[in-house]
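A.B. asks: Structure in structure tokens, see below.
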Amino acid sequence: MAVVDIHTHIYPEKIAVRAAKSVGEFYNVGMFDGGSVEALKHAVQGSPITHHVVHSVATKPEHVESINNFIAQTCAENPNFIGFATMHQDYENPEAEIERAISLGLRGVKLHPDTQEVNMDDPRLMRIYEIIEGRLPLIVHTGDYRYDFSHPRRLKEILHTFPNLVVDAAHFGGWSIFDLAVEYLEDENCFLDMSSAQDFLGPRRTKELVEIYGTDRIMFGSDFPMWDPVKEYNMFTALDFTSAEMENMLWHNAERFLGMEIS
């Protein structure tokens, strides 16, 4: 059986510690590790986790191409890594860069409206969703009590506008506003990953949220380097679900989201 960590961030070695520290400061949390490729591989060595969906976020349009090059090269060197492209709302020619990302072997797009300081349903991002609908899946950071950029109500509107867009609403669809997210996303057509949630929710509420959304929609994710992937895996697999349900959340839902077989 494969185990897919659907939500991991990686950075080039020379900036990994600094980049991870910046993320920690944004969320006011201590980071588990520095975020380099080697740090991720070391963190899961000997664990049941077999595959990682890896990505990074462009906070400036001029960073888009170099990040996509880095993710693509890293995945070429690590067959168990599945790369997602970044995009920025002010990037001049998103159609061309998305085509280039596909040619590089990248399998989806990751956006973070809060750190990119853009409403999730901004017309510039809606253009990107139109480009990738039916072609590439989207992982989008959703929810933050401090901001309105990534509010789950915005995602609900996106899902209705682009019904064939395959979406992972990260962090149970509403980081730090987990229960509010249920109001908007319980019955919507999207996947959700459970990264950056367990330490806040505890096992009982984590299990309840999985049951609300359904084990055919939830995907395992660690949000490395913020959290220890193996610890997140161990906490998640300790929840009282059947082996078939857990296999879906650790493996098969990711296959359906990504549109590819993973073995």
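So you can find residues: chains in the structure tokens are A, B, ... in the order shown, residues in each start at 1, and ligands are numbered from 1 in order.
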Determine, counting only C-alpha atoms, which protein, DNA and RNA residues have an atom within 9 Å of an atom of segment 103-106 of chain A; residues of the same chain fewer than 2 positions away are not included. Present the result as a compact mmCIF listing (two decimals) with N, CA and C atoms, in the first residue's frame.
C.D. replies:
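That gives us around.txt:
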```txt
# COMPACT_ATOMS: atom_id res chain seq x y z
N ASN A 68 8.97 26.90 -10.23
CA ASN A 68 8.49 25.77 -11.03
C ASN A 68 9.66 24.94 -11.56
N ASN A 69 10.73 25.59 -11.94
CA ASN A 69 11.93 24.86 -12.36
C ASN A 69 12.48 24.01 -11.23
N ILE A 71 10.89 22.84 -8.51
CA ILE A 71 10.00 21.73 -8.18
C ILE A 71 10.11 20.63 -9.23
N ALA A 72 10.14 21.01 -10.49
CA ALA A 72 10.23 20.02 -11.58
C ALA A 72 11.54 19.25 -11.51
N GLN A 73 12.65 19.95 -11.30
CA GLN A 73 13.95 19.29 -11.22
C GLN A 73 14.01 18.35 -10.03
N CYS A 75 11.53 16.78 -8.61
CA CYS A 75 10.71 15.60 -8.88
C CYS A 75 11.39 14.67 -9.88
N ALA A 76 12.13 15.23 -10.82
CA ALA A 76 12.87 14.40 -11.77
C ALA A 76 13.94 13.58 -11.06
N ILE A 82 5.77 14.21 -6.29
CA ILE A 82 4.81 14.64 -7.31
C ILE A 82 4.70 16.15 -7.20
N GLY A 83 5.09 16.86 -8.25
CA GLY A 83 5.24 18.30 -8.17
C GLY A 83 4.02 19.09 -8.61
N PHE A 84 3.75 20.16 -7.87
CA PHE A 84 2.72 21.12 -8.24
C PHE A 84 3.37 22.45 -8.55
N ALA A 85 2.87 23.09 -9.58
CA ALA A 85 3.39 24.40 -9.99
C ALA A 85 2.82 25.49 -9.09
N ILE A 98 1.65 27.82 -17.46
CA ILE A 98 0.99 26.56 -17.11
C ILE A 98 1.28 25.50 -18.16
N GLU A 99 1.29 25.88 -19.43
CA GLU A 99 1.69 24.92 -20.47
C GLU A 99 3.12 24.46 -20.26
N ARG A 100 4.00 25.38 -19.90
CA ARG A 100 5.39 25.01 -19.64
C ARG A 100 5.49 24.09 -18.43
N ALA A 101 4.72 24.38 -17.39
CA ALA A 101 4.74 23.54 -16.19
C ALA A 101 4.30 22.11 -16.53
N GLY A 108 -0.11 19.65 -11.09
CA GLY A 108 -1.19 20.47 -10.56
C GLY A 108 -0.67 21.86 -10.25
N VAL A 109 -1.52 22.65 -9.61
CA VAL A 109 -1.19 24.02 -9.23
C VAL A 109 -1.50 24.21 -7.75
```
A.B. asks: Here is a test: counting only C-alpha atoms, which residue of A:Ile128, A:Leu111, A:Leu180, A:Ala19 is nearest to Pro94 of chain A?
C.D. replies: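 Looking only at the distances to Pro94 of chain A, the closest residue turns out to be A:Ile128.
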A.B. asks: Closest to Met31 of chain A among A:Leu155, A:Val57, A:Ile212, A:Met226, using only C-alpha atoms?
C.D. replies: A:Met226
A.B. asks: Hey, what's within 8 Å of Pro229 of chain A if we count only C-alpha atoms and toss same-chain stuff fewer than 3 positions away? As a list in words, please?
C.D. replies: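 Answer for this query is Asp5, Ala43, Val44, Gly221, Ser222, Asp223, Phe224, Glu232 and Tyr233 of chain A.
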A.B. asks: If you measure from atom CA of Lys207 of chain A to atom CA of Phe236 of chain A, what distance in Å do you get, rounded to one decimal?
C.D. replies: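 For atom CA of Lys207 of chain A relative to atom CA of Phe236 of chain A, the distance reads 8.8 Å.
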A.B. asks: Which of segment 129-237 of chain A counts as alpha helix (DSSP H) under DSSP, as a PyMOL selection string please?
C.D. replies: chain A and resi 129-132+152-161+178-185+198-213+229-237
A.B. asks: Could you turn the residues from that selection into a file that holds N, CA and C atoms, as a CSV table (one decimal), in the first residue's frame?
C.D. replies:
```csv
chain,number,residue,atom,x,y,z
A,129,TYR,N,-8.1,29.5,-12.8
A,129,TYR,CA,-9.0,28.3,-12.7
A,129,TYR,C,-9.6,27.9,-14.0
A,130,GLU,N,-9.9,28.9,-14.8
A,130,GLU,CA,-10.5,28.6,-16.1
A,130,GLU,C,-9.5,27.9,-17.0
A,131,ILE,N,-8.2,28.3,-16.9
A,131,ILE,CA,-7.1,27.6,-17.7
A,131,ILE,C,-6.9,26.2,-17.3
A,132,ILE,N,-7.0,25.9,-16.0
A,132,ILE,CA,-6.7,24.5,-15.5
A,132,ILE,C,-7.9,23.6,-15.3
A,152,PRO,N,-13.7,30.3,3.2
A,152,PRO,CA,-14.3,29.2,2.4
A,152,PRO,C,-15.5,29.6,1.6
A,153,ARG,N,-16.2,30.7,2.0
A,153,ARG,CA,-17.3,31.1,1.1
A,153,ARG,C,-16.8,31.5,-0.3
A,154,ARG,N,-15.6,32.0,-0.4
A,154,ARG,CA,-15.0,32.3,-1.7
A,154,ARG,C,-14.8,31.0,-2.5
A,155,LEU,N,-14.3,30.0,-1.8
A,155,LEU,CA,-14.1,28.7,-2.5
A,155,LEU,C,-15.5,28.1,-3.0
A,156,LYS,N,-16.5,28.3,-2.2
A,156,LYS,CA,-17.8,27.7,-2.6
A,156,LYS,C,-18.2,28.4,-3.9
A,157,GLU,N,-18.0,29.7,-4.1
A,157,GLU,CA,-18.4,30.4,-5.3
A,157,GLU,C,-17.5,29.9,-6.5
A,158,ILE,N,-16.2,29.6,-6.2
A,158,ILE,CA,-15.3,29.1,-7.3
A,158,ILE,C,-15.8,27.7,-7.7
A,159,LEU,N,-16.2,26.9,-6.8
A,159,LEU,CA,-16.6,25.5,-7.1
A,159,LEU,C,-17.9,25.5,-8.0
A,160,HIS,N,-18.7,26.5,-7.7
A,160,HIS,CA,-20.0,26.6,-8.5
A,160,HIS,C,-19.7,27.2,-9.9
A,161,THR,N,-18.7,28.1,-10.0
A,161,THR,CA,-18.4,28.7,-11.3
A,161,THR,C,-17.6,27.7,-12.2
A,178,PHE,N,-12.1,25.9,11.3
A,178,PHE,CA,-12.5,24.6,10.9
A,178,PHE,C,-14.0,24.4,10.9
A,179,ASP,N,-14.6,24.8,12.0
A,179,ASP,CA,-16.1,24.6,12.1
A,179,ASP,C,-16.9,25.4,11.1
A,180,LEU,N,-16.4,26.7,10.9
A,180,LEU,CA,-17.1,27.6,10.0
A,180,LEU,C,-17.0,27.0,8.6
A,181,ALA,N,-15.9,26.4,8.2
A,181,ALA,CA,-15.8,25.8,6.9
A,181,ALA,C,-16.8,24.8,6.6
A,182,VAL,N,-17.3,24.0,7.6
A,182,VAL,CA,-18.3,23.0,7.3
A,182,VAL,C,-19.6,23.7,6.8
A,183,GLU,N,-19.9,24.9,7.2
A,183,GLU,CA,-21.1,25.6,6.8
A,183,GLU,C,-21.1,25.8,5.3
A,184,TYR,N,-19.9,26.0,4.7
A,184,TYR,CA,-19.8,26.3,3.3
A,184,TYR,C,-19.4,25.1,2.4
A,185,LEU,N,-18.7,24.1,3.0
A,185,LEU,CA,-18.1,23.1,2.1
A,185,LEU,C,-18.6,21.7,2.4
A,198,GLN,N,-4.5,18.7,13.2
A,198,GLN,CA,-4.7,17.7,14.3
A,198,GLN,C,-4.3,18.3,15.7
A,199,ASP,N,-3.2,19.0,15.7
A,199,ASP,CA,-2.7,19.6,17.0
A,199,ASP,C,-3.7,20.6,17.5
A,200,PHE,N,-4.4,21.3,16.7
A,200,PHE,CA,-5.4,22.3,17.1
A,200,PHE,C,-6.8,21.6,17.5
A,201,LEU,N,-7.2,20.6,16.7
A,201,LEU,CA,-8.5,20.0,16.9
A,201,LEU,C,-8.5,18.9,18.0
A,202,GLY,N,-7.4,18.1,18.1
A,202,GLY,CA,-7.4,16.9,18.9
A,202,GLY,C,-8.1,15.8,18.2
A,203,PRO,N,-7.9,14.6,18.6
A,203,PRO,CA,-8.3,13.4,17.9
A,203,PRO,C,-9.9,13.3,17.7
A,204,ARG,N,-10.6,13.7,18.8
A,204,ARG,CA,-12.1,13.5,18.7
A,204,ARG,C,-12.7,14.4,17.6
A,205,ARG,N,-12.3,15.7,17.6
A,205,ARG,CA,-12.9,16.6,16.6
A,205,ARG,C,-12.3,16.3,15.2
A,206,THR,N,-11.1,15.9,15.1
A,206,THR,CA,-10.5,15.5,13.8
A,206,THR,C,-11.4,14.4,13.2
A,207,LYS,N,-11.7,13.4,14.0
A,207,LYS,CA,-12.5,12.3,13.5
A,207,LYS,C,-13.9,12.7,13.2
A,208,GLU,N,-14.4,13.6,13.9
A,208,GLU,CA,-15.8,14.2,13.6
A,208,GLU,C,-15.8,14.9,12.3
A,209,LEU,N,-14.8,15.7,12.0
A,209,LEU,CA,-14.7,16.4,10.8
A,209,LEU,C,-14.5,15.5,9.6
A,210,VAL,N,-13.7,14.4,9.8
A,210,VAL,CA,-13.6,13.4,8.7
A,210,VAL,C,-15.0,12.8,8.4
A,211,GLU,N,-15.7,12.5,9.5
A,211,GLU,CA,-17.0,11.9,9.3
A,211,GLU,C,-18.0,12.8,8.6
A,212,ILE,N,-17.9,14.1,9.0
A,212,ILE,CA,-18.8,15.1,8.3
A,212,ILE,C,-18.6,15.2,6.8
A,213,TYR,N,-17.3,15.3,6.4
A,213,TYR,CA,-17.0,15.4,5.0
A,213,TYR,C,-17.0,14.1,4.3
A,229,PRO,N,6.0,14.9,9.6
A,229,PRO,CA,5.1,14.0,8.8
A,229,PRO,C,4.8,12.7,9.5
A,230,VAL,N,5.8,12.1,10.1
A,230,VAL,CA,5.6,10.8,10.8
A,230,VAL,C,4.7,10.9,12.0
A,231,LYS,N,4.8,11.9,12.8
A,231,LYS,CA,3.9,12.2,13.9
A,231,LYS,C,2.5,12.4,13.4
A,232,GLU,N,2.4,13.2,12.4
A,232,GLU,CA,1.0,13.5,11.8
A,232,GLU,C,0.4,12.2,11.3
A,233,TYR,N,1.2,11.3,10.7
A,233,TYR,CA,0.7,10.0,10.2
A,233,TYR,C,0.3,9.2,11.3
A,234,ASN,N,1.1,9.1,12.4
A,234,ASN,CA,0.8,8.2,13.5
A,234,ASN,C,-0.5,8.7,14.2
A,235,MET,N,-0.7,10.0,14.4
A,235,MET,CA,-1.9,10.5,15.0
A,235,MET,C,-3.1,10.2,14.2
A,236,PHE,N,-3.0,10.4,12.9
A,236,PHE,CA,-4.1,10.2,12.0
A,236,PHE,C,-4.5,8.7,11.9
A,237,THR,N,-3.5,7.8,11.8
A,237,THR,CA,-3.9,6.4,11.7
A,237,THR,C,-4.3,5.8,13.0
```
A.B. asks: From segment 23-263 of chain A, collect each residue whose DSSP state is strand (DSSP E) and return the set as JSON, numbers by chain.
C.D. replies: {"A": [51, 52, 53, 54, 55, 81, 82, 83, 85, 86, 109, 110, 111, 138, 139, 140, 167, 168, 169, 191, 192, 193, 218, 219]}
A.B. asks: Could you write out that same residue set with C-alpha atoms as a PDB file, in the first residue's frame?
C.D. replies:
```pdb
ATOM      1  CA  HIS A  51       5.002   9.603  -1.755  1.00  0.00           C
ATOM      2  CA  HIS A  52       4.912  13.380  -1.355  1.00  0.00           C
ATOM      3  CA  VAL A  53       3.066  16.048  -3.288  1.00  0.00           C
ATOM      4  CA  VAL A  54       5.560  18.928  -3.166  1.00  0.00           C
ATOM      5  CA  HIS A  55       5.095  22.611  -3.857  1.00  0.00           C
ATOM      6  CA  PHE A  81       7.805  13.250  -5.401  1.00  0.00           C
ATOM      7  CA  ILE A  82       4.805  14.639  -7.310  1.00  0.00           C
ATOM      8  CA  GLY A  83       5.239  18.304  -8.170  1.00  0.00           C
ATOM      9  CA  ALA A  85       3.385  24.396  -9.985  1.00  0.00           C
ATOM     10  CA  THR A  86       3.015  27.795  -8.406  1.00  0.00           C
ATOM     11  CA  VAL A 109      -1.188  24.023  -9.226  1.00  0.00           C
ATOM     12  CA  LYS A 110      -0.842  25.269  -5.643  1.00  0.00           C
ATOM     13  CA  LEU A 111      -2.051  28.711  -4.517  1.00  0.00           C
ATOM     14  CA  LEU A 138      -5.653  22.651  -7.570  1.00  0.00           C
ATOM     15  CA  ILE A 139      -4.442  22.707  -3.982  1.00  0.00           C
ATOM     16  CA  VAL A 140      -5.530  25.959  -2.380  1.00  0.00           C
ATOM     17  CA  VAL A 167      -9.832  21.075  -5.815  1.00  0.00           C
ATOM     18  CA  ASP A 168      -8.183  20.172  -2.535  1.00  0.00           C
ATOM     19  CA  ALA A 169      -9.434  22.662   0.059  1.00  0.00           C
ATOM     20  CA  PHE A 191     -11.495  17.119  -1.688  1.00  0.00           C
ATOM     21  CA  LEU A 192     -10.060  18.332   1.612  1.00  0.00           C
ATOM     22  CA  ASP A 193      -6.726  17.580   3.226  1.00  0.00           C
ATOM     23  CA  ILE A 218     -10.324  13.503   2.944  1.00  0.00           C
ATOM     24  CA  MET A 219      -6.618  13.166   2.095  1.00  0.00           C
TER      25      MET A 219
END
```
A.B. asks: Would you pick out the contacts of Leu125 of chain A at 9 Å or less, using only C-alpha atoms, so that residues sharing its chain but fewer than 5 positions from it are not included, and give the list as a list in words?
C.D. replies: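 Close residues of Leu125 of chain A: His88, Gln89, Val118, Asn119, Met120 and Glu130 of chain A.
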A.B. asks: For N, CA and C atoms, I'd like the residues from the last selection saved as an mmCIF file, in the first residue's frame.
C.D. replies:
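Written file, part-v5.cif:
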```cif
data_model
loop_
_atom_site.group_PDB
_atom_site.id
_atom_site.type_symbol
_atom_site.label_atom_id
_atom_site.label_comp_id
_atom_site.auth_asym_id
_atom_site.auth_seq_id
_atom_site.Cartn_x
_atom_site.Cartn_y
_atom_site.Cartn_z
ATOM 1 N N HIS A 88 1.138 33.157 -9.747
ATOM 2 C CA HIS A 88 0.902 34.417 -9.025
ATOM 3 C C HIS A 88 -0.106 35.234 -9.822
ATOM 4 N N GLN A 89 -0.953 35.934 -9.106
ATOM 5 C CA GLN A 89 -2.033 36.679 -9.751
ATOM 6 C C GLN A 89 -1.535 37.741 -10.721
ATOM 7 N N VAL A 118 -4.173 38.006 -2.022
ATOM 8 C CA VAL A 118 -5.157 38.133 -3.101
ATOM 9 C C VAL A 118 -6.395 37.338 -2.715
ATOM 10 N N ASN A 119 -7.565 37.881 -2.993
ATOM 11 C CA ASN A 119 -8.799 37.131 -2.754
ATOM 12 C C ASN A 119 -8.823 35.883 -3.624
ATOM 13 N N MET A 120 -9.229 34.802 -3.036
ATOM 14 C CA MET A 120 -9.278 33.544 -3.759
ATOM 15 C C MET A 120 -10.119 33.639 -5.024
ATOM 16 N N GLU A 130 -9.904 28.919 -14.818
ATOM 17 C CA GLU A 130 -10.464 28.629 -16.136
ATOM 18 C C GLU A 130 -9.454 27.883 -17.003
#
```
